[in-house]
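Asker: Contents of query.cif (mmCIF, C-alpha atoms and all ligand atoms) are given next:
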data_model
#
loop_
_atom_site.label_atom_id
_atom_site.label_comp_id
_atom_site.auth_asym_id
_atom_site.auth_seq_id
_atom_site.Cartn_x
_atom_site.Cartn_y
_atom_site.Cartn_z
CA MET A 1 -17.49 3.21 -80.15
CA LEU A 2 -15.09 1.47 -77.81
CA GLU A 3 -12.38 3.86 -78.88
CA LYS A 4 -14.68 6.81 -78.33
CA ILE A 5 -15.33 5.66 -74.75
CA GLU A 6 -11.64 5.18 -74.13
CA SER A 7 -10.68 8.58 -75.49
CA LEU A 8 -13.50 10.10 -73.39
CA PHE A 9 -11.88 8.58 -70.31
CA ILE A 10 -8.44 9.93 -71.28
CA ASP A 11 -10.02 13.32 -71.84
CA PHE A 12 -11.65 13.17 -68.40
CA LYS A 13 -8.38 12.23 -66.69
CA GLU A 14 -6.66 15.22 -68.26
CA GLN A 15 -9.38 17.65 -67.29
CA ILE A 16 -9.80 16.55 -63.70
CA GLU A 17 -6.13 17.28 -63.08
CA LYS A 18 -6.78 20.92 -63.91
CA VAL A 19 -9.68 21.65 -61.55
CA ASP A 20 -9.27 22.53 -57.90
CA LYS A 21 -12.73 23.58 -56.76
CA GLN A 22 -15.49 21.31 -55.53
CA ALA A 23 -18.10 22.88 -57.85
CA ASP A 24 -15.85 22.46 -60.91
CA VAL A 25 -15.31 18.79 -60.11
CA LEU A 26 -19.05 18.22 -59.85
CA ASN A 27 -19.68 20.06 -63.12
CA LEU A 28 -17.01 18.03 -64.83
CA LYS A 29 -18.57 14.85 -63.52
CA SER A 30 -22.00 15.68 -64.91
CA SER A 31 -20.58 16.78 -68.26
CA PHE A 32 -19.01 13.34 -68.64
CA ILE A 33 -21.34 10.87 -66.94
CA GLY A 34 -24.46 12.94 -66.16
CA LYS A 35 -27.79 12.30 -67.89
CA LYS A 36 -26.91 14.67 -70.70
CA GLY A 37 -23.17 13.99 -70.46
CA ALA A 38 -20.69 12.85 -73.09
CA LEU A 39 -20.98 9.16 -72.20
CA SER A 40 -24.75 9.19 -72.63
CA GLU A 41 -24.27 10.88 -75.97
CA ILE A 42 -21.97 8.08 -77.14
CA LEU A 43 -24.35 5.41 -75.84
CA LYS A 44 -27.18 6.92 -77.84
CA SER A 45 -25.68 5.43 -81.01
CA LEU A 46 -25.72 2.00 -79.34
CA LYS A 47 -28.87 1.18 -81.26
CA ASP A 48 -26.82 1.13 -84.48
CA ALA A 49 -24.25 -1.30 -83.11
CA THR A 50 -24.10 -5.03 -83.79
CA PRO A 51 -24.98 -7.45 -80.95
CA GLU A 52 -21.24 -8.30 -80.51
CA GLN A 53 -20.33 -4.64 -80.26
CA ARG A 54 -23.09 -4.12 -77.70
CA LYS A 55 -21.73 -6.97 -75.58
CA ALA A 56 -18.36 -5.26 -75.37
CA ILE A 57 -19.61 -1.69 -75.03
CA GLY A 58 -21.96 -2.31 -72.08
CA PRO A 59 -19.29 -3.50 -69.64
CA LYS A 60 -16.76 -0.97 -70.96
CA SER A 61 -19.02 1.99 -70.39
CA ASN A 62 -19.87 0.74 -66.87
CA GLU A 63 -16.19 0.34 -66.10
CA VAL A 64 -15.38 3.86 -67.30
CA LYS A 65 -18.33 5.26 -65.35
CA GLN A 66 -17.08 3.63 -62.16
CA GLU A 67 -13.52 4.82 -62.74
CA ILE A 68 -14.77 8.36 -63.24
CA GLU A 69 -16.83 8.16 -60.03
CA LYS A 70 -13.74 6.97 -58.14
CA LYS A 71 -11.59 9.76 -59.48
CA VAL A 72 -14.27 12.32 -58.64
CA GLN A 73 -14.42 11.08 -55.01
CA ALA A 74 -10.65 11.10 -54.67
CA LYS A 75 -10.45 14.60 -56.06
CA LEU A 76 -13.17 15.87 -53.73
CA GLN A 77 -11.31 14.43 -50.74
CA GLU A 78 -8.07 15.98 -51.90
CA ILE A 79 -9.74 19.39 -52.17
CA GLU A 80 -11.30 19.08 -48.70
CA LEU A 81 -7.99 18.10 -47.14
CA LYS A 82 -6.30 21.04 -48.80
CA GLU A 83 -8.94 23.42 -47.48
CA VAL A 84 -8.63 22.07 -43.92
CA ASN A 85 -4.86 22.35 -44.04
CA GLU A 86 -5.10 25.89 -45.30
CA LYS A 87 -7.42 26.81 -42.42
CA LEU A 88 -5.11 25.15 -39.91
CA SER A 89 -2.08 26.95 -41.25
CA GLN A 90 -3.85 30.23 -40.58
CA SER A 91 -4.83 29.24 -37.02
CA LYS A 92 -2.54 29.77 -34.05
CA ILE A 93 -2.69 26.18 -32.85
CA ASP A 94 0.36 24.04 -33.54
CA PHE A 95 -0.87 20.57 -34.42
CA SER A 96 2.58 19.35 -35.23
CA LEU A 97 3.46 18.77 -31.54
CA THR A 98 4.68 15.21 -31.22
CA ASP A 99 6.29 13.01 -28.61
CA SER A 100 9.69 13.94 -29.94
CA VAL A 101 8.99 17.59 -29.15
CA LEU A 102 7.93 16.58 -25.64
CA ASP A 103 11.15 14.60 -25.26
CA LYS A 104 13.01 17.81 -25.78
CA GLY A 105 11.88 18.95 -22.34
CA LEU A 106 8.48 20.52 -22.77
CA ASN A 107 6.43 20.19 -19.58
CA VAL A 108 3.08 18.44 -19.69
CA GLY A 109 0.53 18.43 -16.89
CA GLY A 110 -0.44 15.40 -14.84
CA VAL A 111 -2.51 14.30 -11.90
CA HIS A 112 -1.03 15.34 -8.56
CA PRO A 113 -0.05 12.35 -6.38
CA VAL A 114 -2.49 13.37 -3.63
CA HIS A 115 -5.31 13.69 -6.13
CA GLN A 116 -4.34 10.35 -7.64
CA MET A 117 -4.49 8.81 -4.16
CA GLN A 118 -7.94 10.36 -3.64
CA ARG A 119 -9.17 8.87 -6.93
CA ASP A 120 -7.72 5.46 -6.03
CA VAL A 121 -9.33 5.43 -2.58
CA GLU A 122 -12.66 6.61 -4.03
CA ASP A 123 -12.53 3.79 -6.58
CA ILE A 124 -11.84 1.20 -3.89
CA PHE A 125 -14.77 2.37 -1.77
CA GLN A 126 -17.11 2.72 -4.73
CA SER A 127 -16.35 -0.86 -5.67
CA MET A 128 -17.51 -1.82 -2.15
CA GLY A 129 -20.81 0.04 -2.58
CA PHE A 130 -19.91 3.36 -0.91
CA GLU A 131 -21.15 6.66 -2.34
CA VAL A 132 -18.73 9.56 -2.81
CA LEU A 133 -20.01 12.83 -1.29
CA ASP A 134 -18.75 16.38 -1.38
CA GLY A 135 -19.14 19.28 1.04
CA PRO A 136 -18.26 22.98 1.28
CA HIS A 137 -14.89 24.30 2.47
CA ILE A 138 -16.58 27.14 4.34
CA GLU A 139 -18.68 25.66 7.09
CA ASP A 140 -20.71 26.74 10.09
CA ASP A 141 -20.01 25.90 13.71
CA TRP A 142 -22.74 23.26 13.78
CA HIS A 143 -21.41 21.10 10.93
CA ASN A 144 -17.77 21.33 12.00
CA PHE A 145 -18.26 21.03 15.78
CA GLY A 146 -21.77 21.11 17.26
CA ALA A 147 -23.27 18.14 15.41
CA LEU A 148 -20.10 16.18 16.07
CA ASN A 149 -20.61 16.24 19.83
CA ILE A 150 -18.17 19.11 20.35
CA PRO A 151 -20.19 21.79 22.20
CA GLU A 152 -18.88 25.33 22.51
CA THR A 153 -17.22 24.82 25.86
CA HIS A 154 -15.64 21.52 24.89
CA PRO A 155 -11.84 21.44 25.20
CA ALA A 156 -11.68 19.34 22.02
CA ARG A 157 -12.17 22.57 20.05
CA ASP A 158 -8.62 23.44 20.99
CA MET A 159 -7.38 20.19 19.41
CA GLN A 160 -7.93 21.70 16.01
CA ASP A 161 -6.80 25.27 15.53
CA THR A 162 -9.42 26.90 13.43
CA PHE A 163 -9.48 29.63 10.79
CA TRP A 164 -12.58 31.61 11.80
CA PHE A 165 -14.31 34.20 9.66
CA GLU A 166 -14.88 37.63 11.14
CA ASP A 167 -18.51 36.83 11.98
CA LYS A 168 -17.17 34.13 14.35
CA LYS A 169 -19.93 31.87 13.02
CA HIS A 170 -18.25 30.53 9.90
CA LEU A 171 -14.93 28.79 9.51
CA LEU A 172 -12.76 26.85 7.06
CA ARG A 173 -13.59 23.24 7.86
CA THR A 174 -10.93 21.64 10.06
CA HIS A 175 -11.86 18.11 9.02
CA THR A 176 -13.99 16.23 6.51
CA SER A 177 -16.21 14.96 9.36
CA THR A 178 -18.46 17.83 8.27
CA ILE A 179 -19.38 15.62 5.30
CA GLN A 180 -20.43 12.95 7.83
CA VAL A 181 -22.99 15.37 9.23
CA ARG A 182 -24.21 16.49 5.80
CA GLY A 183 -24.45 12.86 4.64
CA MET A 184 -26.56 11.86 7.66
CA GLU A 185 -28.85 14.86 7.19
CA THR A 186 -29.67 13.89 3.63
CA ARG A 187 -30.09 10.09 3.70
CA LYS A 188 -31.88 7.38 5.61
CA PRO A 189 -30.05 4.34 6.97
CA PRO A 190 -28.70 1.96 5.94
CA PHE A 191 -26.05 3.89 3.98
CA LYS A 192 -22.32 4.08 3.48
CA PHE A 193 -20.31 6.87 1.92
CA VAL A 194 -16.91 8.54 1.79
CA GLY A 195 -16.25 12.26 1.58
CA PRO A 196 -12.86 13.50 0.43
CA GLY A 197 -11.55 17.06 0.38
CA LYS A 198 -9.30 19.85 1.59
CA VAL A 199 -9.21 20.74 5.27
CA PHE A 200 -7.62 23.76 6.95
CA ARG A 201 -5.88 24.28 10.26
CA CYS A 202 -4.31 27.40 11.64
CA GLU A 203 -1.03 25.74 12.49
CA ARG A 204 2.65 26.44 12.15
CA THR A 205 3.94 24.38 9.24
CA ASP A 206 6.69 21.83 9.68
CA ALA A 207 7.68 18.47 8.21
CA THR A 208 4.40 16.86 9.33
CA HIS A 209 2.00 19.82 9.42
CA GLU A 210 0.48 21.93 6.67
CA MET A 211 -2.19 24.62 6.96
CA CYS A 212 -4.13 22.95 4.17
CA PHE A 213 -4.17 19.22 3.65
CA HIS A 214 -6.48 16.47 2.43
CA GLN A 215 -8.67 14.00 4.24
CA LEU A 216 -11.16 11.38 3.26
CA GLU A 217 -13.92 10.72 5.73
CA GLY A 218 -15.88 7.49 5.67
CA MET A 219 -19.09 6.44 7.36
CA MET A 220 -21.31 3.38 7.44
CA VAL A 221 -24.64 3.36 9.29
CA GLY A 222 -27.10 0.49 9.58
CA LYS A 223 -28.34 -2.14 11.98
CA ASP A 224 -25.87 -4.03 14.19
CA ILE A 225 -22.67 -2.63 12.70
CA THR A 226 -19.62 -3.79 14.62
CA VAL A 227 -15.94 -2.96 15.04
CA GLY A 228 -15.41 -6.12 12.97
CA ASN A 229 -17.08 -4.40 9.99
CA LEU A 230 -14.85 -1.39 10.48
CA ILE A 231 -11.69 -3.51 10.54
CA TYR A 232 -12.82 -5.46 7.47
CA PHE A 233 -13.27 -2.35 5.35
CA MET A 234 -10.03 -0.77 6.58
CA LYS A 235 -8.02 -3.93 5.87
CA THR A 236 -9.54 -4.21 2.39
CA LEU A 237 -8.64 -0.57 1.71
CA LEU A 238 -5.06 -1.02 2.91
CA LYS A 239 -4.61 -4.23 0.91
CA GLU A 240 -5.71 -2.45 -2.28
CA ILE A 241 -3.44 0.52 -1.66
CA PHE A 242 -0.31 -1.31 -0.56
CA LYS A 243 -0.97 -4.31 -2.82
CA LYS A 244 -0.51 -6.77 0.04
CA ASP A 245 -2.21 -7.87 3.25
CA MET A 246 -1.39 -5.36 5.97
CA GLU A 247 -1.14 -6.25 9.64
CA VAL A 248 -3.17 -3.74 11.69
CA ARG A 249 -3.79 -3.01 15.36
CA LEU A 250 -6.29 -0.80 17.17
CA ARG A 251 -5.34 1.43 20.05
CA PRO A 252 -7.78 3.52 22.06
CA GLY A 253 -8.04 7.03 20.58
CA PHE A 254 -10.08 10.01 21.69
CA PHE A 255 -12.42 11.86 19.36
CA PRO A 256 -15.66 13.30 20.76
CA PHE A 257 -17.70 12.00 17.82
CA VAL A 258 -16.86 8.32 18.23
CA GLU A 259 -17.27 5.96 21.17
CA PRO A 260 -15.24 3.83 21.41
CA GLY A 261 -12.61 5.69 19.38
CA PHE A 262 -9.46 4.12 17.97
CA GLU A 263 -6.19 4.81 16.29
CA LEU A 264 -5.60 2.17 13.65
CA ASP A 265 -1.91 1.46 13.16
CA ILE A 266 -0.30 -0.56 10.39
CA ARG A 267 2.74 -2.79 10.80
CA TRP A 268 5.41 -0.97 8.86
CA LYS A 269 8.62 -2.69 9.91
CA LYS A 270 9.23 -5.87 11.86
CA PRO A 271 10.94 -4.86 15.13
CA LYS A 272 14.63 -5.80 15.18
CA LYS A 273 16.24 -7.82 17.97
CA GLY A 274 16.23 -5.87 21.22
CA GLU A 275 13.53 -3.44 19.98
CA SER A 276 10.19 -3.25 21.78
CA GLU A 277 7.35 -5.13 20.13
CA HIS A 278 5.58 -1.77 19.89
CA SER A 279 8.14 -0.39 17.49
CA GLY A 280 7.55 -0.75 13.78
CA TRP A 281 3.89 0.35 13.98
CA LEU A 282 2.72 3.39 12.10
CA GLU A 283 -0.30 5.45 13.16
CA LEU A 284 -2.45 5.82 10.07
CA LEU A 285 -6.16 5.97 10.58
CA PRO A 286 -8.33 7.46 13.33
CA CYS A 287 -11.71 5.76 13.55
CA GLY A 288 -14.43 4.46 15.83
CA MET A 289 -18.10 3.70 16.39
CA VAL A 290 -20.28 6.76 15.79
CA HIS A 291 -21.33 8.43 19.06
CA PRO A 292 -25.12 8.25 19.69
CA ASN A 293 -25.22 12.08 20.05
CA VAL A 294 -23.79 12.39 16.54
CA LEU A 295 -26.42 10.06 15.09
CA LYS A 296 -29.14 12.05 16.89
CA ALA A 297 -27.74 15.34 15.53
CA GLY A 298 -27.90 13.83 12.04
CA GLY A 299 -31.57 12.86 12.51
CA ILE A 300 -30.93 9.14 13.06
CA ASP A 301 -32.38 7.15 15.95
CA PRO A 302 -29.41 5.67 17.88
CA GLU A 303 -31.73 3.08 19.46
CA GLN A 304 -32.28 1.55 16.02
CA TYR A 305 -29.09 2.21 14.16
CA ASN A 306 -25.37 2.43 14.76
CA GLY A 307 -22.29 2.72 12.61
CA PHE A 308 -18.61 3.40 12.22
CA ALA A 309 -16.63 6.37 10.92
CA PHE A 310 -13.01 6.91 9.99
CA GLY A 311 -10.79 9.72 8.75
CA LEU A 312 -7.96 9.10 6.36
CA GLY A 313 -5.16 11.61 5.79
CA LEU A 314 -4.58 11.46 2.04
CA ASP A 315 -1.33 13.45 2.12
CA ARG A 316 -0.06 11.23 4.91
CA LEU A 317 -0.96 8.12 2.93
CA VAL A 318 1.00 9.38 -0.09
CA MET A 319 3.94 10.14 2.20
CA VAL A 320 3.90 6.71 3.84
CA LYS A 321 3.53 4.88 0.54
CA ASN A 322 6.32 6.80 -1.18
CA ALA A 323 8.66 7.35 1.80
CA ILE A 324 8.35 11.15 1.60
CA GLU A 325 9.83 12.71 4.72
CA ASP A 326 8.39 16.23 4.55
CA ILE A 327 4.72 17.07 3.82
CA ARG A 328 5.79 20.47 2.46
CA HIS A 329 7.23 18.81 -0.65
CA LEU A 330 3.75 17.74 -1.69
CA HIS A 331 2.29 21.17 -2.34
CA SER A 332 5.46 23.11 -2.96
CA GLY A 333 4.77 23.26 -6.68
CA ASP A 334 8.32 22.04 -7.33
CA LEU A 335 8.22 20.20 -10.66
CA ARG A 336 11.32 18.18 -9.80
CA PHE A 337 9.22 16.61 -7.05
CA ASN A 338 6.02 16.21 -9.06
CA LYS A 339 7.80 14.63 -12.01
CA GLN A 340 8.81 11.65 -9.93
CA PHE A 341 5.22 10.45 -10.09
CA SER A 342 4.28 8.41 -13.10
CA SER A 343 1.39 10.50 -14.33
CA TYR A 344 3.67 13.51 -14.90
N1 LIG B 1 -12.08 14.06 11.98
C1 LIG B 1 -10.97 13.51 12.71
C2 LIG B 1 -9.75 14.43 12.55
O1 LIG B 1 -9.65 15.14 11.62
C3 LIG B 1 -10.60 12.13 12.23
C4 LIG B 1 -11.64 11.09 12.53
C5 LIG B 1 -12.66 10.84 11.66
C6 LIG B 1 -11.59 10.36 13.69
C7 LIG B 1 -13.61 9.89 11.93
C8 LIG B 1 -12.51 9.40 13.97
C9 LIG B 1 -13.53 9.16 13.07
O2 LIG B 1 -8.90 14.42 13.40
#
Output the structure of this file as structure tokens.

Answerer:
Amino acid sequence: MLEKIESLFIDFKEQIEKVDKQADVLNLKSSFIGKKGALSEILKSLKDATPEQRKAIGPKSNEVKQEIEKKVQAKLQEIELKEVNEKLSQSKIDFSLTDSVLDKGLNVGGVHPVHQMQRDVEDIFQSMGFEVLDGPHIEDDWHNFGALNIPETHPARDMQDTFWFEDKKHLLRTHTSTIQVRGMETRKPPFKFVGPGKVFRCERTDATHEMCFHQLEGMMVGKDITVGNLIYFMKTLLKEIFKKDMEVRLRPGFFPFVEPGFELDIRWKKPKKGESEHSGWLELLPCGMVHPNVLKAGGIDPEQYNGFAFGLGLDRLVMVKNAIEDIRHLHSGDLRFNKQFSSY
């Protein structure tokens, strides 16, 4: 009987080599180890065997059964793999692309440095409990000017040259302060959020001006907010971005929506001998305490609450950090420029 089991196994091994369809494998399996299969047939005559023979045959038949199961599984996998490969070879997608192909000069996409900066700044503020808000590019007069304490006759409207739509009521937002207004309209103090995005100005382009660039507005409103809070958050932001403590100074700055308004400068170079102590500072961040009229326009009682706001130029920040001398490089679409950034 032992020999019969062994020759059955040899027989099985031969036959499984010849099949290449899932159904045939399963049929083969049941014809060998199924209820009515060859192995069961052999075991039927077990009753005639001596106790010693039985002792040997039991384990042997189990062993062969397991081996057959294993071979069936392996064969099924092999068939499946072959089918998948066949399907892939008929598809138009090339799955064989590897790093070595990329090394040969194929271009891959990456995150643009300005977008990367936006993500980094968002992360920093989110870790300090700020929300990240969005707003539309096409705005109305109220959200871009009126609610920000810039009435129609206000000369500050000339500070930002605007792309108006033909209806003279809508415009491409000139700053992300529009998100300030939308944020105030939809939440109750205390709150803090940032709002990044594209802004548009009808300006002649040069090394420091683009018609479309990127800002990130920030706002914090609550009870008894001070300039000290503003400086704290700005210094934390700058430390995270430049990976070191940055020396800052505030100068008076004029923006109708903040009072007092500031320009926050960072120390960029130590002044050399003979240079004025005012040299070496870099203007980076306009900011200030939110004007009571702006709070009122956003539905917030300025008697109870106050807050700060700031506007960060994301393109400018990328330029300062990477010593880029001309803003036009950033959105030129020139891959030689883009590839210098690690994510490309
Ligand atoms: N919105 C201003 C600008 O684009 C920047 C700013 C924001 C200034 C918030 C002060 C406070 O020029």

Asker: Using only C-alpha atoms and all ligand atoms, find the one residue out of A:Asp167, A:Glu3, A:Glu263, A:Asp140 that sits nearest to ligand LIG 1 (chain B).

Answerer: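 Between A:Asp167, A:Glu3, A:Glu263, A:Asp140, the residue approaching ligand LIG 1 (chain B) most closely is A:Glu263.
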
Asker: Give the residue list for ligand LIG 1 (chain B) at 8 Å, counting all atoms listed in the file, as a PDB file with C-alpha atoms, in the coordinates of the input, sorted by chain and then by residue number.

Answerer:
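Listing of result.pdb after writing:
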ATOM      1  CA  GLN A 160      -7.930  21.700  16.010  1.00  0.00           C
ATOM      2  CA  THR A 174     -10.930  21.640  10.060  1.00  0.00           C
ATOM      3  CA  HIS A 175     -11.860  18.110   9.020  1.00  0.00           C
ATOM      4  CA  THR A 176     -13.990  16.230   6.510  1.00  0.00           C
ATOM      5  CA  SER A 177     -16.210  14.960   9.360  1.00  0.00           C
ATOM      6  CA  GLN A 215      -8.670  14.000   4.240  1.00  0.00           C
ATOM      7  CA  GLU A 217     -13.920  10.720   5.730  1.00  0.00           C
ATOM      8  CA  GLY A 218     -15.880   7.490   5.670  1.00  0.00           C
ATOM      9  CA  MET A 219     -19.090   6.440   7.360  1.00  0.00           C
ATOM     10  CA  PHE A 255     -12.420  11.860  19.360  1.00  0.00           C
ATOM     11  CA  PHE A 257     -17.700  12.000  17.820  1.00  0.00           C
ATOM     12  CA  VAL A 258     -16.860   8.320  18.230  1.00  0.00           C
ATOM     13  CA  GLY A 261     -12.610   5.690  19.380  1.00  0.00           C
ATOM     14  CA  PHE A 262      -9.460   4.120  17.970  1.00  0.00           C
ATOM     15  CA  LEU A 285      -6.160   5.970  10.580  1.00  0.00           C
ATOM     16  CA  PRO A 286      -8.330   7.460  13.330  1.00  0.00           C
ATOM     17  CA  CYS A 287     -11.710   5.760  13.550  1.00  0.00           C
ATOM     18  CA  GLY A 288     -14.430   4.460  15.830  1.00  0.00           C
ATOM     19  CA  MET A 289     -18.100   3.700  16.390  1.00  0.00           C
ATOM     20  CA  VAL A 290     -20.280   6.760  15.790  1.00  0.00           C
ATOM     21  CA  PHE A 308     -18.610   3.400  12.220  1.00  0.00           C
ATOM     22  CA  ALA A 309     -16.630   6.370  10.920  1.00  0.00           C
ATOM     23  CA  PHE A 310     -13.010   6.910   9.990  1.00  0.00           C
ATOM     24  CA  GLY A 311     -10.790   9.720   8.750  1.00  0.00           C
ATOM     25  CA  LEU A 312      -7.960   9.100   6.360  1.00  0.00           C
TER      26      LEU A 312
END

Asker: List as a VMD selection string the protein and nucleic acid residues near A:Phe213, meaning an atom at most 7 Å away when only C-alpha atoms are counted, but skip any in the same chain fewer than 6 places from it.

Answerer: chain A and resid 198 to 200 315

Asker: How far is it from atom CA of A:Glu52 to atom CA of A:Ile10, in Å with one decimal?

Answerer: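 The value is 24.1 Å.
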
Asker: Can you pull out every residue within 7 Å of A:Gly313, counting all atoms listed in the file, but drop anything in the same chain fewer than 3 positions away, and send it as a list in words?

Answerer: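 These residues fall inside the cut-off: His214, Gln215, Leu216, Arg316 and Leu317 of chain A.
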
Asker: Can you measure atom CA of A:Phe130 to atom CA of A:Ile266 for me? One decimal in Å is fine.

Answerer: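 Result for atom CA of A:Phe130 versus atom CA of A:Ile266: 23.0 Å, one decimal.
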
Asker: Give as a ChimeraX atom specification the set of residues within 12 Å of the point (2.6, 18.6, -4.9), where distances use the file's coordinates and all atoms listed in the file.

Answerer: /A:110-116,213-214,315,318-319,324,326-341,344

Asker: To test the calculation: enclose all listed atoms of stretch 8-26 of chain A in a box whose edges run along x, y and z, add 3 Å on each side, then state centre and edge lengths in Å to one decimal, as JSON.

Answerer:
{"center_x": -12.6, "center_y": 16.1, "center_z": -64.5, "size_x": 18.9, "size_y": 21.0, "size_z": 23.9}

Asker: Closest to A:Phe191 among A:Ile138, A:Ile225, A:Ala56, A:Val294, using all atoms listed in the file?

Answerer: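 Checking each of A:Ile138, A:Ile225, A:Ala56, A:Val294 against A:Phe191, counting all atoms listed in the file, the winner is A:Ile225.
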
Asker: Which residue gives the smallest distance to A:Phe242 among A:Val19, A:Met117, A:Leu2, A:Ile68, with all atoms listed in the file counted?

Answerer: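 Among the listed residues, the smallest separation from A:Phe242 belongs to A:Met117.
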
Asker: Please return, as a PyMOL selection string, all polymer residues that have at least one atom within 10 Å of the point (-8.2, -9.7, 12.2); use all atoms listed in the file and the file's own coordinate frame.

Answerer: chain A and resi 228+231-232+235+247-249

Asker: Given the choices A:Asp265, A:Glu259, A:Asp245, A:Glu185, which gets closest to A:Lys296 if the distance is worked out from only C-alpha atoms?

Answerer: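 Among A:Asp265, A:Glu259, A:Asp245, A:Glu185, it is A:Glu185 that comes nearest to A:Lys296.
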
Asker: So how many Å separate atom CA of A:Gly135 and atom CA of A:Val194, to one decimal?

Answerer: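 Distance reported for this atom pair: 11.0 Å.
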
Asker: Fewer than 3 positions away in the same chain doesn't count, so skip those; otherwise give me all residues within 12 Å of A:Arg187, counting only C-alpha atoms, as a VMD selection string.

Answerer: chain A and resid 131 133 180 to 184 190 to 193 220 to 222 295 298 to 300

Asker: Would you mind telling me which residue in A:Lys269, A:Arg251, A:Lys75, A:Lys168 lies nearest to A:Glu17 when using only C-alpha atoms?

Answerer: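 So, comparing all the options, the nearest one is A:Lys75.
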
Asker: Between A:Ile16, A:Leu250, A:Ile57, A:Val227, which is the closest to A:Leu43 once you count only C-alpha atoms?

Answerer: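 Counting only C-alpha atoms, the residue closest to A:Leu43 is A:Ile57.
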
Asker: Which residues come within 12 Å of A:Leu39, counting all atoms listed in the file, excluding same-chain residues fewer than 4 positions away, as a PyMOL selection string?

Answerer: chain A and resi 1-2+4-9+11-12+29-35+43-46+57-58+60-65+68

Asker: Excluding A:Gln77 and residues on its chain fewer than 6 positions from it, collect all residues at most 12 Å away from it, counting only C-alpha atoms, and give them as an mmCIF file with C-alpha atoms, in the frame of the given file.

Answerer:
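Result went into out25.cif, see below:
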data_model
loop_
_atom_site.group_PDB
_atom_site.id
_atom_site.type_symbol
_atom_site.label_atom_id
_atom_site.label_comp_id
_atom_site.auth_asym_id
_atom_site.auth_seq_id
_atom_site.Cartn_x
_atom_site.Cartn_y
_atom_site.Cartn_z
ATOM 1 C CA ASP A 20 -9.270 22.530 -57.900
ATOM 2 C CA LYS A 21 -12.730 23.580 -56.760
ATOM 3 C CA GLN A 22 -15.490 21.310 -55.530
ATOM 4 C CA VAL A 25 -15.310 18.790 -60.110
ATOM 5 C CA LYS A 70 -13.740 6.970 -58.140
ATOM 6 C CA LYS A 71 -11.590 9.760 -59.480
ATOM 7 C CA GLU A 83 -8.940 23.420 -47.480
ATOM 8 C CA VAL A 84 -8.630 22.070 -43.920
#
